[in-house]
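Here the structure is laid out as structure tokens; the discussion comes afterwards.
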Amino acid sequence: MQPKEIKSVRVVPYTIMNSSIGAVWAFLFALLILIFAGAIGSALPAEMKVLKGLITGISVVGLVVLPVGVFLLSIVESFLRAFIYNGLTPRLGGIRLSFIDMEQIESFDIVNTALILSAVSAILTFIYQLLVSPLQWVFFNAILSIARTVEPSAVSSMAAVGSATALGTVVNIVITPIMTFIVTFILTAIVLLLYNFLSGKITMIKLKLTETGDGFMSIDRIEAIPLGLITGSIFAVVGLIIGIIAFIVSAIGGEYSVGLILLVIVTIGAFLYAFIVYALTALFYNVLAPRIGAVQIRME
């Protein structure tokens with residue numbers, strides 16, 4: 001066992017990789033929309049040919065617009081996430097994990113890892129709230145102007161709503177990041193706890209790491225099947241817990257068969273969803289890494 005701590009992440013390679021994977025997923029989603037739109041269009045009667053063409057046209061445009069839009073939005077989010085992480089690790093510590101032969105992740109330090117990831121998410125949420133709040137004011141003032149024009153008597157009540165909105169905006173800027181930190185910490189801790197428990201029984205995350213010669217290590221490859229299996233197993237456990245709760249609720253109402261069906265569907269569905277998503281994400285990473293550059297991390 002080799003304990004390590006991720007001290008920093010190279011911002012640019014992480015940003016480009018994360019954004020590119022997001023664009024690939026967006027393209028696949030747009031492709032599914034196109035297929036679905038084509039199925040709907042073929043079912044429309046001949047007299048609705050114009051609508052069919054409009055649906056198909058919008059779907060085709062989405063093949064370009066959606067991936068590009070997701071890529072551009074992901075650039076900002078990914079850059080900020082890596083930049084904030086690098087700024088916080090000297091104060092809070094980084095992600096702590098234990099390797100086997102520097103190839104398999106055996107376990108994570110639950111508290112430290114959940115702490116840094118939660119802090120990053122909370123700061124990101126705070127930044128988003130600061131950006132969204134002015135837009136809320138612009139929207140509300142536009143509504144207030146319309147109200148003054150249409151119904152002058154509504155101005156006093158709108159002013160009261162405005163005061164409440166102002167207070168709510170301030171509270172939202174403070175409360176939302178705090179709630180984000182708490183929820184992210186709890187969920188991350190649960191996932192890491194399950195990983196530490198299941199990794200020795202199912203499989204571990206397997207990586208190919210190489211030294212870059214400047215203190216960083218390049219993540220050249222992520223094994224897709226092990227990643228899909230372990231994440232699928234974690235999701236399945238969570239799905240099983242949710243399914244048991246649904247079964248108990250259904251059983252109380254006398255619907256035992258419905259509860260049993262929900263239990264099976266949620267558990268299996270959660271496994272399949274996580275397995276497919278994470279295994280494909282690893283495949284995308286492995287294809288993109290030699291072409292656009294792998295993610296680089298500095299560990300001690």
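Each chain in the structure tokens gets a letter, A, B and so on, in the order shown; residues start at 1 in every chain, and ligands are counted from 1 in the order they appear.
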
With a distance cut-off of 9 Å and only C-alpha atoms, select the neighbouring residues of A:Val237, excluding the residue or stretch itself and same-chain residues fewer than 6 positions from it, and output the selection as a compact mmCIF listing (two decimals) with N, CA and C atoms, in the first residue's frame.
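Produced file result.txt, reproduced below:
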# COMPACT_ATOMS: atom_id res chain seq x y z
N LEU A 194 -18.33 3.29 0.51
CA LEU A 194 -18.71 2.12 -0.26
C LEU A 194 -17.55 1.63 -1.13
N THR A 267 -32.36 -1.21 -8.42
CA THR A 267 -31.03 -1.77 -8.16
C THR A 267 -30.29 -2.10 -9.45
N ALA A 270 -29.69 1.11 -11.61
CA ALA A 270 -28.60 1.94 -11.11
C ALA A 270 -27.25 1.35 -11.51
N PHE A 271 -27.12 0.03 -11.42
CA PHE A 271 -25.87 -0.62 -11.80
C PHE A 271 -25.57 -0.42 -13.28

Residues flagged strand (DSSP E or B) by DSSP in stretch 99-297 of chain A, as an MDAnalysis selection string: chainID A and resid 99:100 104:108 205:211 217:222 295:297

Got time to write the residues from that selection, C-alpha atoms, as an mmCIF file, in the first residue's frame?
data_model
loop_
_atom_site.group_PDB
_atom_site.id
_atom_site.type_symbol
_atom_site.label_atom_id
_atom_site.label_comp_id
_atom_site.auth_asym_id
_atom_site.auth_seq_id
_atom_site.Cartn_x
_atom_site.Cartn_y
_atom_site.Cartn_z
ATOM 1 C CA PHE A 99 -2.249 2.725 -4.333
ATOM 2 C CA ILE A 100 -1.150 -0.821 -4.930
ATOM 3 C CA GLN A 104 -4.661 0.288 -8.521
ATOM 4 C CA ILE A 105 -6.478 2.608 -6.117
ATOM 5 C CA GLU A 106 -7.046 0.523 -3.008
ATOM 6 C CA SER A 107 -8.850 3.101 -0.847
ATOM 7 C CA PHE A 108 -9.528 6.784 -0.190
ATOM 8 C CA ILE A 205 -9.891 1.556 -10.205
ATOM 9 C CA LYS A 206 -6.890 0.774 -12.414
ATOM 10 C CA LEU A 207 -4.710 3.489 -13.922
ATOM 11 C CA LYS A 208 -1.609 3.747 -16.049
ATOM 12 C CA LEU A 209 0.587 6.504 -14.630
ATOM 13 C CA THR A 210 3.833 7.824 -16.034
ATOM 14 C CA GLU A 211 6.172 10.477 -14.666
ATOM 15 C CA MET A 217 2.404 12.273 -13.208
ATOM 16 C CA SER A 218 0.379 11.748 -16.353
ATOM 17 C CA ILE A 219 -2.773 9.615 -16.196
ATOM 18 C CA ASP A 220 -2.248 7.912 -19.550
ATOM 19 C CA ARG A 221 -5.051 5.367 -19.264
ATOM 20 C CA ILE A 222 -8.050 4.438 -17.123
ATOM 21 C CA VAL A 295 -4.620 14.842 -17.170
ATOM 22 C CA GLN A 296 -1.521 15.540 -15.068
ATOM 23 C CA ILE A 297 -1.401 15.500 -11.276
#

Residues within 9 Å of A:Gln129, only C-alpha atoms, excluding chain neighbours under 2 positions, as a list in words: Leu124, Thr125, Phe126, Ile127, Leu131, Val132, Ser133, Thr169, Asn172, Ile173, Val174, Thr176 and Pro177 of chain A

Selection to disk with N, CA and C atoms, as a compact mmCIF listing (two decimals), in the first residue's frame:
# COMPACT_ATOMS: atom_id res chain seq x y z
N LEU A 124 -17.48 27.05 -5.87
CA LEU A 124 -18.06 27.17 -7.21
C LEU A 124 -19.51 27.65 -7.14
N THR A 125 -20.27 27.08 -6.22
CA THR A 125 -21.66 27.49 -6.05
C THR A 125 -21.75 28.95 -5.64
N PHE A 126 -20.87 29.38 -4.76
CA PHE A 126 -20.85 30.78 -4.33
C PHE A 126 -20.59 31.71 -5.52
N ILE A 127 -19.64 31.33 -6.38
CA ILE A 127 -19.35 32.13 -7.57
C ILE A 127 -20.55 32.19 -8.49
N LEU A 131 -22.95 35.47 -9.72
CA LEU A 131 -23.23 35.80 -11.11
C LEU A 131 -24.71 35.83 -11.42
N VAL A 132 -25.46 34.94 -10.76
CA VAL A 132 -26.89 34.82 -11.05
C VAL A 132 -27.69 35.93 -10.38
N SER A 133 -27.28 36.37 -9.20
CA SER A 133 -28.05 37.36 -8.45
C SER A 133 -28.32 38.64 -9.24
N THR A 169 -32.32 36.90 -2.01
CA THR A 169 -31.11 36.81 -2.81
C THR A 169 -29.87 36.77 -1.93
N ASN A 172 -29.75 33.52 -0.19
CA ASN A 172 -29.40 32.47 -1.14
C ASN A 172 -27.90 32.42 -1.41
N ILE A 173 -27.28 33.60 -1.50
CA ILE A 173 -25.85 33.65 -1.75
C ILE A 173 -25.07 33.01 -0.61
N VAL A 174 -25.59 33.13 0.61
CA VAL A 174 -24.89 32.59 1.78
C VAL A 174 -25.29 31.14 2.04
N THR A 176 -26.94 28.77 0.08
CA THR A 176 -26.76 27.75 -0.95
C THR A 176 -25.36 27.14 -0.94
N PRO A 177 -24.27 27.93 -0.86
CA PRO A 177 -22.95 27.30 -0.77
C PRO A 177 -22.78 26.42 0.47

Who sits within 8 Å of A:Ala119, only C-alpha atoms, same chain under 4 positions skipped, as an MDAnalysis selection string: chainID A and resid 115 123 181

d(atom CA of A:Val70, atom CA of A:Ile276) in Å: 20.5 Å

A:Val24 surroundings by only C-alpha atoms, 8 Å radius, close-in-sequence under 4 positions cut, as an MDAnalysis selection string: chainID A and resid 20 28 67 284

With N, CA and C atoms retained, could you export that selection as a PDB file, in the first residue's frame?
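Wrote it out as result-v1.pdb, contents follow:
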ATOM      1  N   SER A  20     -13.691  18.233 -23.349  1.00  0.00           N
ATOM      2  CA  SER A  20     -13.800  17.371 -24.531  1.00  0.00           C
ATOM      3  C   SER A  20     -14.696  16.173 -24.270  1.00  0.00           C
ATOM      4  N   LEU A  28     -23.327  12.602 -28.437  1.00  0.00           N
ATOM      5  CA  LEU A  28     -24.108  11.356 -28.378  1.00  0.00           C
ATOM      6  C   LEU A  28     -25.558  11.646 -28.001  1.00  0.00           C
ATOM      7  N   PRO A  67     -22.819  20.048 -28.695  1.00  0.00           N
ATOM      8  CA  PRO A  67     -21.446  19.747 -28.266  1.00  0.00           C
ATOM      9  C   PRO A  67     -20.579  20.986 -28.090  1.00  0.00           C
ATOM     10  N   PHE A 284     -13.662   7.089 -23.632  1.00  0.00           N
ATOM     11  CA  PHE A 284     -13.455   8.403 -24.261  1.00  0.00           C
ATOM     12  C   PHE A 284     -12.120   8.998 -23.815  1.00  0.00           C
TER      13      PHE A 284
END

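Nearest-residue note for A:Ile16: choosing from A:Met204, A:Leu97, A:Ile75, A:Val191, the minimum distance belongs to A:Ile75, counting only C-alpha atoms.
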
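For the pair atom CA of A:Lys4 and atom CA of A:Asp109, the interatomic distance is 9.9 Å.
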
Selection near A:Leu63, 12 Å with only C-alpha atoms, sequence-local residues under 6 positions removed, as a ChimeraX atom specification: /A:23-35,56-57,69-70

Write out the residues from the selection above, keeping all heavy atoms, as a compact mmCIF listing (two decimals), in the first residue's frame.
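This went into out.txt:
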# COMPACT_ATOMS: atom_id res chain seq x y z
N ALA A 23 -18.18 17.31 -24.36
CA ALA A 23 -18.63 17.54 -25.74
C ALA A 23 -18.99 16.22 -26.42
O ALA A 23 -19.96 16.15 -27.19
CB ALA A 23 -17.55 18.27 -26.53
N VAL A 24 -18.22 15.17 -26.16
CA VAL A 24 -18.51 13.86 -26.74
C VAL A 24 -19.86 13.36 -26.25
O VAL A 24 -20.69 12.87 -27.03
CB VAL A 24 -17.40 12.85 -26.41
CG1 VAL A 24 -17.80 11.45 -26.86
CG2 VAL A 24 -16.09 13.26 -27.08
N TRP A 25 -20.09 13.48 -24.94
CA TRP A 25 -21.38 13.06 -24.39
C TRP A 25 -22.51 13.90 -24.96
O TRP A 25 -23.60 13.38 -25.27
CB TRP A 25 -21.37 13.17 -22.86
CG TRP A 25 -20.82 11.97 -22.17
CD1 TRP A 25 -19.69 11.88 -21.42
CD2 TRP A 25 -21.38 10.64 -22.18
NE1 TRP A 25 -19.50 10.61 -20.95
CE2 TRP A 25 -20.52 9.83 -21.39
CE3 TRP A 25 -22.50 10.09 -22.76
CZ2 TRP A 25 -20.77 8.47 -21.19
CZ3 TRP A 25 -22.75 8.72 -22.56
CH2 TRP A 25 -21.90 7.94 -21.78
N ALA A 26 -22.29 15.19 -25.14
CA ALA A 26 -23.32 16.06 -25.72
C ALA A 26 -23.62 15.65 -27.15
O ALA A 26 -24.79 15.67 -27.58
CB ALA A 26 -22.86 17.51 -25.66
N PHE A 27 -22.59 15.28 -27.91
CA PHE A 27 -22.81 14.83 -29.29
C PHE A 27 -23.65 13.55 -29.32
O PHE A 27 -24.57 13.42 -30.13
CB PHE A 27 -21.47 14.59 -29.98
CG PHE A 27 -21.60 14.05 -31.38
CD1 PHE A 27 -21.91 14.90 -32.43
CD2 PHE A 27 -21.41 12.70 -31.65
CE1 PHE A 27 -22.04 14.41 -33.73
CE2 PHE A 27 -21.55 12.20 -32.93
CZ PHE A 27 -21.86 13.05 -33.97
N LEU A 28 -23.33 12.60 -28.44
CA LEU A 28 -24.11 11.36 -28.38
C LEU A 28 -25.56 11.65 -28.00
O LEU A 28 -26.50 11.04 -28.56
CB LEU A 28 -23.48 10.39 -27.37
CG LEU A 28 -22.11 9.81 -27.75
CD1 LEU A 28 -21.61 8.90 -26.65
CD2 LEU A 28 -22.20 9.07 -29.07
N PHE A 29 -25.76 12.57 -27.05
CA PHE A 29 -27.11 12.94 -26.65
C PHE A 29 -27.86 13.58 -27.82
O PHE A 29 -29.03 13.28 -28.06
CB PHE A 29 -27.05 13.89 -25.46
CG PHE A 29 -28.39 14.29 -24.93
CD1 PHE A 29 -29.19 13.39 -24.25
CD2 PHE A 29 -28.87 15.58 -25.12
CE1 PHE A 29 -30.44 13.76 -23.77
CE2 PHE A 29 -30.11 15.96 -24.65
CZ PHE A 29 -30.90 15.04 -23.97
N ALA A 30 -27.17 14.48 -28.55
CA ALA A 30 -27.80 15.12 -29.71
C ALA A 30 -28.12 14.09 -30.79
O ALA A 30 -29.14 14.21 -31.49
CB ALA A 30 -26.86 16.20 -30.26
N LEU A 31 -27.27 13.08 -30.93
CA LEU A 31 -27.52 12.02 -31.91
C LEU A 31 -28.77 11.22 -31.54
O LEU A 31 -29.58 10.88 -32.40
CB LEU A 31 -26.30 11.10 -31.99
CG LEU A 31 -26.29 10.05 -33.11
CD1 LEU A 31 -26.33 10.73 -34.47
CD2 LEU A 31 -25.06 9.17 -32.98
N LEU A 32 -28.92 10.94 -30.25
CA LEU A 32 -30.13 10.25 -29.79
C LEU A 32 -31.37 11.09 -30.05
O LEU A 32 -32.43 10.57 -30.43
CB LEU A 32 -30.00 9.92 -28.29
CG LEU A 32 -29.01 8.83 -27.90
CD1 LEU A 32 -28.94 8.70 -26.38
CD2 LEU A 32 -29.40 7.50 -28.53
N ILE A 33 -31.26 12.40 -29.82
CA ILE A 33 -32.38 13.30 -30.09
C ILE A 33 -32.74 13.26 -31.58
O ILE A 33 -33.92 13.24 -31.96
CB ILE A 33 -32.05 14.74 -29.66
CG1 ILE A 33 -31.93 14.82 -28.14
CG2 ILE A 33 -33.11 15.72 -30.16
CD1 ILE A 33 -31.52 16.19 -27.62
N LEU A 34 -31.72 13.25 -32.44
CA LEU A 34 -31.95 13.19 -33.88
C LEU A 34 -32.67 11.90 -34.27
O LEU A 34 -33.61 11.92 -35.09
CB LEU A 34 -30.62 13.29 -34.63
CG LEU A 34 -30.68 13.21 -36.16
CD1 LEU A 34 -31.53 14.34 -36.72
CD2 LEU A 34 -29.28 13.23 -36.75
N ILE A 35 -32.23 10.78 -33.70
CA ILE A 35 -32.88 9.50 -33.99
C ILE A 35 -34.33 9.52 -33.51
O ILE A 35 -35.26 9.08 -34.22
CB ILE A 35 -32.11 8.35 -33.33
CG1 ILE A 35 -30.71 8.23 -33.95
CG2 ILE A 35 -32.87 7.04 -33.46
CD1 ILE A 35 -29.81 7.24 -33.25
N THR A 56 -36.60 17.84 -37.81
CA THR A 56 -35.34 17.25 -38.29
C THR A 56 -34.24 18.29 -38.38
O THR A 56 -33.09 18.05 -37.99
CB THR A 56 -35.55 16.59 -39.65
OG1 THR A 56 -36.60 15.61 -39.57
CG2 THR A 56 -34.27 15.91 -40.13
N GLY A 57 -34.58 19.49 -38.88
CA GLY A 57 -33.60 20.55 -39.01
C GLY A 57 -33.02 20.98 -37.68
O GLY A 57 -31.80 21.15 -37.55
N GLY A 69 -21.60 24.07 -27.41
CA GLY A 69 -22.06 24.79 -26.23
C GLY A 69 -21.60 24.15 -24.94
O GLY A 69 -21.13 24.84 -24.03
N VAL A 70 -21.72 22.82 -24.86
CA VAL A 70 -21.27 22.11 -23.66
C VAL A 70 -19.76 22.26 -23.48
O VAL A 70 -19.27 22.45 -22.36
CB VAL A 70 -21.66 20.62 -23.75
CG1 VAL A 70 -20.98 19.82 -22.64
CG2 VAL A 70 -23.17 20.46 -23.64

Near A:Thr89, counting only C-alpha atoms, which residues have an atom at most 10 Å away, once you skip same-chain residues fewer than 3 positions from it, shown as an mmCIF file with all heavy atoms, in the first residue's frame?
data_model
loop_
_atom_site.group_PDB
_atom_site.id
_atom_site.type_symbol
_atom_site.label_atom_id
_atom_site.label_comp_id
_atom_site.auth_asym_id
_atom_site.auth_seq_id
_atom_site.Cartn_x
_atom_site.Cartn_y
_atom_site.Cartn_z
ATOM 1 N N GLU A 5 -1.085 11.793 -1.756
ATOM 2 C CA GLU A 5 -2.001 12.927 -1.716
ATOM 3 C C GLU A 5 -1.831 13.740 -2.991
ATOM 4 O O GLU A 5 -0.707 14.078 -3.375
ATOM 5 C CB GLU A 5 -1.713 13.818 -0.498
ATOM 6 C CG GLU A 5 -2.636 15.021 -0.405
ATOM 7 C CD GLU A 5 -2.377 15.859 0.835
ATOM 8 O OE1 GLU A 5 -2.061 15.262 1.894
ATOM 9 O OE2 GLU A 5 -2.487 17.100 0.761
ATOM 10 N N ILE A 6 -2.947 14.024 -3.655
ATOM 11 C CA ILE A 6 -2.908 14.818 -4.882
ATOM 12 C C ILE A 6 -2.801 16.285 -4.482
ATOM 13 O O ILE A 6 -3.764 16.899 -4.035
ATOM 14 C CB ILE A 6 -4.158 14.574 -5.745
ATOM 15 C CG1 ILE A 6 -4.253 13.088 -6.121
ATOM 16 C CG2 ILE A 6 -4.107 15.428 -7.011
ATOM 17 C CD1 ILE A 6 -5.497 12.737 -6.919
ATOM 18 N N LYS A 7 -1.611 16.837 -4.648
ATOM 19 C CA LYS A 7 -1.341 18.209 -4.223
ATOM 20 C C LYS A 7 -1.893 19.237 -5.207
ATOM 21 O O LYS A 7 -2.330 20.322 -4.805
ATOM 22 C CB LYS A 7 0.162 18.417 -4.057
ATOM 23 C CG LYS A 7 0.776 17.625 -2.911
ATOM 24 C CD LYS A 7 0.273 18.129 -1.566
ATOM 25 C CE LYS A 7 1.020 17.466 -0.427
ATOM 26 N NZ LYS A 7 0.561 17.965 0.907
ATOM 27 N N SER A 8 -1.819 18.922 -6.494
ATOM 28 C CA SER A 8 -2.311 19.871 -7.490
ATOM 29 C C SER A 8 -2.621 19.149 -8.791
ATOM 30 O O SER A 8 -2.189 18.002 -9.012
ATOM 31 C CB SER A 8 -1.288 20.988 -7.742
ATOM 32 O OG SER A 8 -0.097 20.455 -8.267
ATOM 33 N N ILE A 84 -9.461 26.300 -8.236
ATOM 34 C CA ILE A 84 -9.866 26.360 -6.828
ATOM 35 C C ILE A 84 -9.231 25.214 -6.040
ATOM 36 O O ILE A 84 -8.754 25.389 -4.914
ATOM 37 C CB ILE A 84 -11.396 26.332 -6.706
ATOM 38 C CG1 ILE A 84 -12.004 27.604 -7.305
ATOM 39 C CG2 ILE A 84 -11.838 26.189 -5.248
ATOM 40 C CD1 ILE A 84 -13.507 27.549 -7.470
ATOM 41 N N TYR A 85 -9.217 24.025 -6.640
ATOM 42 C CA TYR A 85 -8.602 22.871 -5.971
ATOM 43 C C TYR A 85 -7.144 23.153 -5.639
ATOM 44 O O TYR A 85 -6.687 22.928 -4.508
ATOM 45 C CB TYR A 85 -8.717 21.631 -6.861
ATOM 46 C CG TYR A 85 -8.094 20.395 -6.262
ATOM 47 C CD1 TYR A 85 -8.842 19.532 -5.461
ATOM 48 C CD2 TYR A 85 -6.743 20.089 -6.470
ATOM 49 C CE1 TYR A 85 -8.265 18.405 -4.895
ATOM 50 C CE2 TYR A 85 -6.170 18.970 -5.904
ATOM 51 C CZ TYR A 85 -6.927 18.128 -5.116
ATOM 52 O OH TYR A 85 -6.357 17.012 -4.547
ATOM 53 N N ASN A 86 -6.409 23.651 -6.618
ATOM 54 C CA ASN A 86 -4.994 23.950 -6.396
ATOM 55 C C ASN A 86 -4.787 25.019 -5.331
ATOM 56 O O ASN A 86 -3.804 24.993 -4.588
ATOM 57 C CB ASN A 86 -4.347 24.402 -7.705
ATOM 58 C CG ASN A 86 -4.277 23.282 -8.735
ATOM 59 O OD1 ASN A 86 -4.428 22.109 -8.402
ATOM 60 N ND2 ASN A 86 -4.054 23.651 -9.989
ATOM 61 N N LEU A 92 -6.273 22.916 3.072
ATOM 62 C CA LEU A 92 -7.157 21.823 3.496
ATOM 63 C C LEU A 92 -6.573 20.441 3.225
ATOM 64 O O LEU A 92 -7.067 19.449 3.756
ATOM 65 C CB LEU A 92 -8.512 21.932 2.769
ATOM 66 C CG LEU A 92 -9.311 23.210 2.991
ATOM 67 C CD1 LEU A 92 -10.622 23.158 2.193
ATOM 68 C CD2 LEU A 92 -9.608 23.434 4.469
ATOM 69 N N GLY A 93 -5.526 20.384 2.426
ATOM 70 C CA GLY A 93 -5.020 19.083 2.005
ATOM 71 C C GLY A 93 -5.760 18.632 0.761
ATOM 72 O O GLY A 93 -6.863 19.092 0.470
ATOM 73 N N GLY A 94 -5.152 17.728 0.015
ATOM 74 C CA GLY A 94 -5.759 17.260 -1.219
ATOM 75 C C GLY A 94 -6.444 15.922 -1.069
ATOM 76 O O GLY A 94 -6.633 15.415 0.043
ATOM 77 N N ILE A 95 -6.831 15.363 -2.202
ATOM 78 C CA ILE A 95 -7.419 14.017 -2.221
ATOM 79 C C ILE A 95 -6.345 13.028 -1.765
ATOM 80 O O ILE A 95 -5.248 12.987 -2.322
ATOM 81 C CB ILE A 95 -7.906 13.659 -3.635
ATOM 82 C CG1 ILE A 95 -9.062 14.583 -4.044
ATOM 83 C CG2 ILE A 95 -8.332 12.195 -3.709
ATOM 84 C CD1 ILE A 95 -9.494 14.415 -5.478
ATOM 85 N N ILE A 116 -12.102 18.339 0.785
ATOM 86 C CA ILE A 116 -11.589 19.177 -0.301
ATOM 87 C C ILE A 116 -12.585 19.253 -1.445
ATOM 88 O O ILE A 116 -12.810 20.321 -2.029
ATOM 89 C CB ILE A 116 -10.205 18.666 -0.785
ATOM 90 C CG1 ILE A 116 -9.630 19.591 -1.852
ATOM 91 C CG2 ILE A 116 -10.277 17.246 -1.300
ATOM 92 C CD1 ILE A 116 -9.352 20.992 -1.386
#
